[in-house]
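Visitor: Input file: start34.cif. Contents: mmCIF, C-alpha atoms and all ligand atoms; chains and numbers go by the auth columns.
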data_run
loop_
_atom_site.group_PDB
_atom_site.id
_atom_site.type_symbol
_atom_site.label_atom_id
_atom_site.label_comp_id
_atom_site.label_asym_id
_atom_site.label_seq_id
_atom_site.Cartn_x
_atom_site.Cartn_y
_atom_site.Cartn_z
_atom_site.B_iso_or_equiv
_atom_site.auth_seq_id
_atom_site.auth_asym_id
ATOM 1 C CA MET A 1 103.185 93.354 98.187 0.00 145 A
ATOM 2 C CA MET A 2 101.819 90.855 95.676 0.00 146 A
ATOM 3 C CA HIS A 3 102.168 91.715 91.984 0.00 147 A
ATOM 4 C CA VAL A 4 99.314 89.562 90.812 0.00 148 A
ATOM 5 C CA TYR A 5 99.678 87.689 87.508 0.00 149 A
ATOM 6 C CA PRO A 6 98.395 86.197 85.254 0.00 150 A
ATOM 7 C CA PRO A 7 95.936 88.937 84.349 0.00 151 A
ATOM 8 C CA ASP A 8 92.886 86.712 84.409 0.00 152 A
ATOM 9 C CA GLY A 9 90.106 88.498 86.256 0.00 153 A
ATOM 10 C CA ALA A 10 88.412 85.274 87.279 0.00 154 A
ATOM 11 C CA THR A 11 91.461 84.058 89.235 0.00 155 A
ATOM 12 C CA PHE A 12 90.676 83.657 92.941 0.00 156 A
ATOM 13 C CA LEU A 13 93.068 85.536 95.225 0.00 157 A
ATOM 14 C CA SER A 14 91.401 84.182 98.379 0.00 158 A
ATOM 15 C CA PRO A 15 88.303 82.029 99.000 0.00 159 A
ATOM 16 C CA HIS A 16 85.837 84.825 98.228 0.00 160 A
ATOM 17 C CA PHE A 17 87.690 87.392 96.158 0.00 161 A
ATOM 18 C CA ARG A 18 88.710 87.387 92.523 0.00 162 A
ATOM 19 C CA ARG A 19 91.394 89.402 90.826 0.00 163 A
ATOM 20 C CA ARG A 20 88.927 91.518 88.821 0.00 164 A
ATOM 21 C CA GLU A 21 87.504 93.068 92.001 0.00 165 A
ATOM 22 C CA PHE A 22 90.812 94.743 92.827 0.00 166 A
ATOM 23 C CA ILE A 23 92.385 95.692 89.490 0.00 167 A
ATOM 24 C CA CYS A 24 92.858 99.267 88.359 0.00 168 A
ATOM 25 C CA PRO A 25 89.897 99.963 86.059 0.00 169 A
ATOM 26 C CA CYS A 26 91.978 102.011 83.597 0.00 170 A
ATOM 27 C CA CYS A 27 94.916 99.663 82.979 0.00 171 A
ATOM 28 C CA GLY A 28 94.094 96.329 84.607 0.00 172 A
ATOM 29 C CA LEU A 29 97.239 96.331 86.753 0.00 173 A
ATOM 30 C CA LEU A 30 97.142 95.053 90.295 0.00 174 A
ATOM 31 C CA ASP A 31 99.426 95.377 93.270 0.00 175 A
ATOM 32 C CA LEU A 32 97.935 94.016 96.429 0.00 176 A
ATOM 33 C CA ASP A 33 98.915 93.821 100.079 0.00 177 A
ATOM 34 C CA ALA A 34 97.965 90.296 101.129 0.00 178 A
ATOM 35 C CA THR A 35 96.859 91.449 104.592 0.00 179 A
ATOM 36 C CA LEU A 36 93.989 93.311 102.909 0.00 180 A
ATOM 37 C CA LEU A 37 92.667 89.966 101.677 0.00 181 A
ATOM 38 C CA CYS A 38 93.057 88.469 105.160 0.00 182 A
ATOM 39 C CA GLY A 39 91.071 91.334 106.656 0.00 183 A
ATOM 40 C CA LEU A 40 88.331 91.105 104.048 0.00 184 A
ATOM 41 C CA GLU A 41 87.961 87.343 104.463 0.00 185 A
ATOM 42 C CA LEU A 42 87.596 87.806 108.242 0.00 186 A
ATOM 43 C CA LEU A 43 85.082 90.601 107.701 0.00 187 A
ATOM 44 C CA ARG A 44 83.060 88.452 105.337 0.00 188 A
ATOM 45 C CA VAL A 45 82.834 85.685 107.932 0.00 189 A
ATOM 46 C CA LEU A 46 81.836 88.126 110.699 0.00 190 A
ATOM 47 C CA ILE A 47 79.045 89.823 108.748 0.00 191 A
ATOM 48 C CA GLY A 48 77.954 86.697 106.886 0.00 192 A
ATOM 49 C CA SER A 49 77.379 88.556 103.646 0.00 193 A
ATOM 50 C CA PRO A 50 79.222 89.008 100.334 0.00 194 A
ATOM 51 C CA ILE A 51 81.508 92.006 100.018 0.00 195 A
ATOM 52 C CA ASN A 52 81.768 93.862 96.731 0.00 196 A
ATOM 53 C CA ALA A 53 85.252 95.351 96.494 0.00 197 A
ATOM 54 C CA SER A 54 84.280 98.344 94.364 0.00 198 A
ATOM 55 C CA SER A 55 87.648 100.068 94.204 0.00 199 A
ATOM 56 C CA GLY A 56 90.922 98.367 95.040 0.00 200 A
ATOM 57 C CA TYR A 57 94.215 99.114 93.373 0.00 201 A
ATOM 58 C CA ARG A 58 94.585 102.414 91.473 0.00 202 A
ATOM 59 C CA CYS A 59 97.553 103.381 89.316 0.00 203 A
ATOM 60 C CA GLU A 60 98.701 106.997 89.736 0.00 204 A
ATOM 61 C CA LYS A 61 96.928 108.122 86.570 0.00 205 A
ATOM 62 C CA HIS A 62 93.593 106.659 87.644 0.00 206 A
ATOM 63 C CA ASN A 63 93.954 107.978 91.187 0.00 207 A
ATOM 64 C CA LEU A 64 94.422 111.499 89.785 0.00 208 A
ATOM 65 C CA ARG A 65 91.409 111.125 87.532 0.00 209 A
ATOM 66 C CA VAL A 66 89.080 110.116 90.368 0.00 210 A
ATOM 67 C CA GLY A 67 90.395 112.876 92.613 0.00 211 A
ATOM 68 C CA GLY A 68 92.035 110.476 95.036 0.00 212 A
ATOM 69 C CA TYR A 69 94.377 111.684 97.744 0.00 213 A
ATOM 70 C CA VAL A 70 97.957 111.852 96.442 0.00 214 A
ATOM 71 C CA ARG A 71 99.115 109.424 99.158 0.00 215 A
ATOM 72 C CA SER A 72 96.017 107.257 98.887 0.00 216 A
ATOM 73 C CA ARG A 73 96.442 103.719 100.182 0.00 217 A
ATOM 74 C CA HIS A 74 94.731 102.576 96.973 0.00 218 A
ATOM 75 C CA LEU A 75 98.044 103.350 95.208 0.00 219 A
ATOM 76 C CA ALA A 76 99.785 100.842 97.455 0.00 220 A
ATOM 77 C CA GLY A 77 97.217 98.068 97.032 0.00 221 A
ATOM 78 C CA GLN A 78 96.321 98.441 100.706 0.00 222 A
ATOM 79 C CA ALA A 79 92.799 99.846 100.395 0.00 223 A
ATOM 80 C CA VAL A 80 89.365 98.901 99.209 0.00 224 A
ATOM 81 C CA ASP A 81 86.022 100.677 99.009 0.00 225 A
ATOM 82 C CA ALA A 82 83.706 97.940 100.203 0.00 226 A
ATOM 83 C CA ILE A 83 80.018 97.796 99.353 0.00 227 A
ATOM 84 C CA ILE A 84 77.969 95.274 101.309 0.00 228 A
ATOM 85 C CA VAL A 85 74.351 94.910 100.307 0.00 229 A
ATOM 86 C CA GLY A 86 71.787 93.956 102.941 0.00 230 A
ATOM 87 C CA VAL A 87 73.898 94.734 106.013 0.00 231 A
ATOM 88 C CA PRO A 88 73.649 98.154 107.700 0.00 232 A
ATOM 89 C CA ARG A 89 76.970 99.957 107.286 0.00 233 A
ATOM 90 C CA ILE A 90 77.196 100.582 111.018 0.00 234 A
ATOM 91 C CA ARG A 91 77.440 96.800 111.457 0.00 235 A
ATOM 92 C CA VAL A 92 80.102 96.584 108.774 0.00 236 A
ATOM 93 C CA VAL A 93 82.231 99.253 110.445 0.00 237 A
ATOM 94 C CA GLU A 94 81.768 97.751 113.920 0.00 238 A
ATOM 95 C CA ALA A 95 82.857 94.364 112.562 0.00 239 A
ATOM 96 C CA ALA A 96 85.862 95.960 110.830 0.00 240 A
ATOM 97 C CA GLU A 97 86.869 97.606 114.128 0.00 241 A
ATOM 98 C CA SER A 98 87.120 94.136 115.684 0.00 242 A
ATOM 99 C CA ILE A 99 89.576 92.897 113.017 0.00 243 A
ATOM 100 C CA TYR A 100 93.241 93.568 113.731 0.00 244 A
ATOM 101 C CA TYR A 101 94.226 94.655 110.199 0.00 245 A
ATOM 102 C CA PHE A 102 91.506 97.311 110.101 0.00 246 A
ATOM 103 C CA SER A 103 91.546 98.346 113.758 0.00 247 A
ATOM 104 C CA HIS A 104 95.257 99.102 113.165 0.00 248 A
ATOM 105 C CA GLY A 105 94.508 100.493 109.706 0.00 249 A
ATOM 106 C CA GLY A 106 92.304 103.088 108.090 0.00 250 A
ATOM 107 C CA ILE A 107 88.508 103.295 108.139 0.00 251 A
ATOM 108 C CA GLY A 108 86.734 106.054 106.229 0.00 252 A
ATOM 109 C CA VAL A 109 82.983 106.542 106.539 0.00 253 A
ATOM 110 C CA TYR A 110 81.086 108.360 103.773 0.00 254 A
ATOM 111 C CA PRO A 111 77.429 108.628 104.894 0.00 255 A
ATOM 112 C CA ASP A 112 76.179 109.843 101.492 0.00 256 A
ATOM 113 C CA SER A 113 77.902 107.077 99.530 0.00 257 A
ATOM 114 C CA PRO A 114 77.249 103.312 99.611 0.00 258 A
ATOM 115 C CA HIS A 115 80.813 102.244 100.372 0.00 259 A
ATOM 116 C CA VAL A 116 83.084 102.047 103.395 0.00 260 A
ATOM 117 C CA HIS A 117 86.802 102.671 102.883 0.00 261 A
ATOM 118 C CA LEU A 118 89.007 100.065 104.571 0.00 262 A
ATOM 119 C CA ASP A 119 92.789 99.941 104.471 0.00 263 A
ATOM 120 C CA VAL A 120 95.690 98.084 106.043 0.00 264 A
ATOM 121 C CA ARG A 121 98.240 100.921 106.348 0.00 265 A
ATOM 122 C CA GLY A 122 99.559 99.498 109.605 0.00 266 A
ATOM 123 C CA GLN A 123 98.488 102.402 111.810 0.00 267 A
ATOM 124 C CA ARG A 124 95.152 103.690 112.982 0.00 268 A
ATOM 125 C CA ALA A 125 93.423 106.385 110.895 0.00 269 A
ATOM 126 C CA ARG A 126 89.738 107.359 111.029 0.00 270 A
ATOM 127 C CA TRP A 127 87.762 109.961 109.116 0.00 271 A
ATOM 128 C CA GLY A 128 84.369 110.916 107.790 0.00 272 A
ATOM 129 C CA TYR A 129 83.479 112.671 104.564 0.00 273 A
ATOM 130 C CA LEU A 130 80.161 114.224 103.585 0.00 274 A
ATOM 131 C CA ASP A 131 79.140 116.443 100.649 0.00 275 A
ATOM 132 C CA GLY A 132 82.774 117.010 99.707 0.00 276 A
ATOM 133 C CA ASN A 133 83.781 118.015 103.230 0.00 277 A
ATOM 134 C CA THR A 134 85.700 116.294 105.979 0.00 278 A
ATOM 135 C CA ILE A 135 83.631 115.513 109.062 0.00 279 A
ATOM 136 C CA THR A 136 84.685 113.707 112.225 0.00 280 A
ATOM 137 C CA TYR A 137 84.550 109.945 112.390 0.00 281 A
ATOM 138 C CA ASP A 138 82.146 110.191 115.343 0.00 282 A
ATOM 139 C CA GLU A 139 79.780 112.407 113.338 0.00 283 A
ATOM 140 C CA ALA A 140 79.886 109.986 110.407 0.00 284 A
ATOM 141 C CA MET A 141 79.294 106.983 112.684 0.00 285 A
ATOM 142 C CA GLN A 142 76.314 108.702 114.307 0.00 286 A
ATOM 143 C CA MET A 143 74.799 109.160 110.840 0.00 287 A
ATOM 144 C CA LEU A 144 75.208 105.454 110.173 0.00 288 A
ATOM 145 C CA ARG A 145 73.526 104.654 113.510 0.00 289 A
ATOM 146 C CA ASP A 146 70.618 106.969 112.665 0.00 290 A
ATOM 147 C CA GLU A 147 70.335 105.378 109.239 0.00 291 A
ATOM 148 C CA ALA A 148 70.114 101.876 110.761 0.00 292 A
ATOM 149 C CA ALA A 149 67.642 102.840 113.523 0.00 293 A
HETATM 150 ZN ZN ZN B . 95.363 102.330 85.828 0.00 301 B
#
When written as structure tokens, how does the structure in this file appear?
Ligand SMILES: [Zn+2]
Guide:
Amino acid sequence: MMHVYPPDGATFLSPHFRRREFICPCCGLLDLDATLLCGLELLRVLIGSPINASSGYRCEKHNLRVGGYVRSRHLAGQAVDAIIVGVPRIRVVEAAESIYYFSHGGIGVYPDSPHVHLDVRGQRARWGYLDGNTITYDEAMQMLRDEAA
């Protein structure tokens, strides 16, 4: 785990990602698992498009406020909600599946939301979520395929 200081949002943490993309929006703190950055850099190369890390680290207070899961990987600095403009999400998820850190981590697909959840928890987890309800990963992936067709 990296405890990332100084608190300058413009600081680069890796070639394409700055500190401000991962900080907790309520307090500005940041803990970050460095393998998440490795995975995101690989993903960026594979899809050839910028990745907006819309939600990275969350402190416990902020996680509660946004209704996050009590054991959310965001609390451990191991998760990001990635938004990639101009690339169909099915391609993003397929690329993530080919990257070790994510294939052995968590991928959450939310067909009615612009982001894809990616985490580096160290074991495989897959899920879908639609209209406030859990759906299977296969159902969610099929929706992304339909959307891209
Ligand atoms: Zn906070």
Visitor: List all protein, DNA and RNA residues that have at least one atom no more than 7 Å from any atom of ligand ZN 301 (chain B), counting all atoms listed in the file, and write them as an MDAnalysis selection string.
Guide: chainID A and resid 168:173 202:206
Visitor: Give me a file of those residues, with C-alpha atoms, as a short mmCIF file (atom, residue, chain, number, x, y, z; two decimals), keeping the file's coordinate frame.
Guide:
data_model
loop_
_atom_site.label_atom_id
_atom_site.label_comp_id
_atom_site.auth_asym_id
_atom_site.auth_seq_id
_atom_site.Cartn_x
_atom_site.Cartn_y
_atom_site.Cartn_z
CA CYS A 168 92.86 99.27 88.36
CA PRO A 169 89.90 99.96 86.06
CA CYS A 170 91.98 102.01 83.60
CA CYS A 171 94.92 99.66 82.98
CA GLY A 172 94.09 96.33 84.61
CA LEU A 173 97.24 96.33 86.75
CA ARG A 202 94.58 102.41 91.47
CA CYS A 203 97.55 103.38 89.32
CA GLU A 204 98.70 107.00 89.74
CA LYS A 205 96.93 108.12 86.57
CA HIS A 206 93.59 106.66 87.64
#
Visitor: Please evaluate the PyMOL selection byres (((chain A and resi 274) around 9) and not hetatm) against the structure above and give the resulting residues as a ChimeraX atom specification.
Guide: /A:253-257,272-273,275-279,284
Visitor: Could you turn the residues from that selection into a file that holds C-alpha atoms, as an mmCIF file, in the frame of the given file?
Guide:
data_model
loop_
_atom_site.group_PDB
_atom_site.id
_atom_site.type_symbol
_atom_site.label_atom_id
_atom_site.label_comp_id
_atom_site.auth_asym_id
_atom_site.auth_seq_id
_atom_site.Cartn_x
_atom_site.Cartn_y
_atom_site.Cartn_z
ATOM 1 C CA VAL A 253 82.983 106.542 106.539
ATOM 2 C CA TYR A 254 81.086 108.360 103.773
ATOM 3 C CA PRO A 255 77.429 108.628 104.894
ATOM 4 C CA ASP A 256 76.179 109.843 101.492
ATOM 5 C CA SER A 257 77.902 107.077 99.530
ATOM 6 C CA GLY A 272 84.369 110.916 107.790
ATOM 7 C CA TYR A 273 83.479 112.671 104.564
ATOM 8 C CA ASP A 275 79.140 116.443 100.649
ATOM 9 C CA GLY A 276 82.774 117.010 99.707
ATOM 10 C CA ASN A 277 83.781 118.015 103.230
ATOM 11 C CA THR A 278 85.700 116.294 105.979
ATOM 12 C CA ILE A 279 83.631 115.513 109.062
ATOM 13 C CA ALA A 284 79.886 109.986 110.407
#
Visitor: Using the chain letters and numbers from this file, what does the PyMOL selection byres (((chain A and resi 292) around 12) and not hetatm) select? Give the answer as a list in words.
Guide: Gly230, Val231, Pro232, Arg233, Ile234, Arg235, Val236, Pro255, Met285, Gln286, Met287, Leu288, Arg289, Asp290, Glu291 and Ala293 of chain A
Visitor: Any chance you could work out the residue set of the PyMOL selection byres (((chain A and resi 227) around 9) and not hetatm) here, as a list in words?
Guide: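 Checked against the file, the PyMOL selection byres (((chain A and resi 227) around 9) and not hetatm) matches Pro194, Ile195, Asn196, Ala197, Ser198, Asp225, Ala226, Ile228, Val229, Arg233, Pro258, His259 and Val260 of chain A.
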Visitor: Mind pulling up the distance from atom CA of A:Leu187 to atom CA of A:Glu241?
Guide: 9.7 Å
Visitor: Excluding stretch 180-186 of chain A and its own-chain neighbours fewer than 3 positions away, which residues fall within 9 Å of it when counting all atoms listed in the file? Please give them as a ChimeraX atom specification.
Guide: /A:157-161,176-177,189-191,195,221-224,240,243-246,262-264
Visitor: Could you check the closest approach to A:Ser216 for each of A:His147, A:Arg164, A:Arg268, A:His261 and tell me which residue wins, using all atoms listed in the file?
Guide: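 Closest candidate: A:His261.
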Visitor: Just how far from atom CA of A:Arg188 is atom CA of A:Thr155, in Å to one decimal?
Guide: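 Between atom CA of A:Thr155 and atom CA of A:Arg188 the gap works out to 18.7 Å.
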Visitor: Using all atoms listed in the file, pick whichever of A:Arg265, A:Arg162, A:His218, A:Arg270 has the shortest atom-to-atom distance to A:Glu283.
Guide: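 Among the listed residues, A:Arg270 lies closest to A:Glu283.
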Visitor: For the atom pair atom CA of A:Glu165 and atom CA of A:Ala239, what is the interatomic distance in Å to one decimal place?
Guide: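 Interatomic distance, atom CA of A:Glu165 to atom CA of A:Ala239: 21.1 Å.
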Visitor: As AutoDock Vina command-line options, what would the box around stretch 191-195 of chain A look like: edges along x, y and z, 6 Å added on every side, centre and edge lengths in Å to one decimal?
Guide:
--center_x 79.4 --center_y 89.4 --center_z 104.4 --size_x 16.1 --size_y 17.3 --size_z 20.7
Visitor: Starting from the incomplete input, reconstruct N, CA and C atoms of stretch 257-279 of chain A and report them as an mmCIF file, keeping the file's coordinate frame.
Guide:
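Generated output (part37.cif):
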data_model
loop_
_atom_site.group_PDB
_atom_site.id
_atom_site.type_symbol
_atom_site.label_atom_id
_atom_site.label_comp_id
_atom_site.auth_asym_id
_atom_site.auth_seq_id
_atom_site.Cartn_x
_atom_site.Cartn_y
_atom_site.Cartn_z
ATOM 1 N N SER A 257 77.408 107.962 100.580
ATOM 2 C CA SER A 257 77.902 107.077 99.530
ATOM 3 C C SER A 257 77.746 105.636 100.024
ATOM 4 N N PRO A 258 77.558 104.669 99.133
ATOM 5 C CA PRO A 258 77.249 103.312 99.611
ATOM 6 C C PRO A 258 78.439 102.545 100.182
ATOM 7 N N HIS A 259 79.644 103.049 100.000
ATOM 8 C CA HIS A 259 80.813 102.244 100.372
ATOM 9 C C HIS A 259 81.408 102.656 101.716
ATOM 10 N N VAL A 260 82.243 101.769 102.230
ATOM 11 C CA VAL A 260 83.084 102.047 103.395
ATOM 12 C C VAL A 260 84.532 101.842 102.950
ATOM 13 N N HIS A 261 85.388 102.830 103.226
ATOM 14 C CA HIS A 261 86.802 102.671 102.883
ATOM 15 C C HIS A 261 87.499 101.903 103.996
ATOM 16 N N LEU A 262 88.235 100.855 103.618
ATOM 17 C CA LEU A 262 89.007 100.065 104.571
ATOM 18 C C LEU A 262 90.427 99.958 104.049
ATOM 19 N N ASP A 263 91.424 100.166 104.920
ATOM 20 C CA ASP A 263 92.789 99.941 104.471
ATOM 21 C C ASP A 263 93.655 99.365 105.582
ATOM 22 N N VAL A 264 94.788 98.818 105.149
ATOM 23 C CA VAL A 264 95.690 98.084 106.043
ATOM 24 C C VAL A 264 97.042 98.790 106.105
ATOM 25 N N ARG A 265 97.021 100.097 106.358
ATOM 26 C CA ARG A 265 98.240 100.921 106.348
ATOM 27 C C ARG A 265 99.171 100.613 107.510
ATOM 28 N N GLY A 266 98.680 99.872 108.493
ATOM 29 C CA GLY A 266 99.559 99.498 109.605
ATOM 30 C C GLY A 266 99.526 100.468 110.762
ATOM 31 N N GLN A 267 98.718 101.507 110.666
ATOM 32 C CA GLN A 267 98.488 102.402 111.810
ATOM 33 C C GLN A 267 97.068 102.935 111.729
ATOM 34 N N ARG A 268 96.552 103.313 112.901
ATOM 35 C CA ARG A 268 95.152 103.690 112.982
ATOM 36 C C ARG A 268 94.901 105.055 112.337
ATOM 37 N N ALA A 269 93.877 105.118 111.478
ATOM 38 C CA ALA A 269 93.423 106.385 110.895
ATOM 39 C C ALA A 269 91.906 106.289 110.740
ATOM 40 N N ARG A 270 91.201 107.340 111.114
ATOM 41 C CA ARG A 270 89.738 107.359 111.029
ATOM 42 C C ARG A 270 89.290 108.702 110.498
ATOM 43 N N TRP A 271 88.285 108.697 109.616
ATOM 44 C CA TRP A 271 87.762 109.961 109.116
ATOM 45 C C TRP A 271 86.354 109.772 108.574
ATOM 46 N N GLY A 272 85.670 110.902 108.437
ATOM 47 C CA GLY A 272 84.369 110.916 107.790
ATOM 48 C C GLY A 272 84.402 111.944 106.669
ATOM 49 N N TYR A 273 83.501 111.790 105.728
ATOM 50 C CA TYR A 273 83.479 112.671 104.564
ATOM 51 C C TYR A 273 82.034 112.784 104.099
ATOM 52 N N LEU A 274 81.559 114.021 103.965
ATOM 53 C CA LEU A 274 80.161 114.224 103.585
ATOM 54 C C LEU A 274 80.047 115.451 102.695
ATOM 55 N N ASP A 275 79.350 115.317 101.570
ATOM 56 C CA ASP A 275 79.140 116.443 100.649
ATOM 57 C C ASP A 275 80.444 117.156 100.304
ATOM 58 N N GLY A 276 81.509 116.401 100.100
ATOM 59 C CA GLY A 276 82.774 117.010 99.707
ATOM 60 C C GLY A 276 83.556 117.622 100.851
ATOM 61 N N ASN A 277 83.086 117.433 102.086
ATOM 62 C CA ASN A 277 83.781 118.015 103.230
ATOM 63 C C ASN A 277 84.170 116.950 104.240
ATOM 64 N N THR A 278 85.286 117.177 104.902
ATOM 65 C CA THR A 278 85.700 116.294 105.979
ATOM 66 C C THR A 278 84.801 116.519 107.189
ATOM 67 N N ILE A 279 84.336 115.429 107.786
ATOM 68 C CA ILE A 279 83.631 115.513 109.062
ATOM 69 C C ILE A 279 84.327 114.540 110.011
#
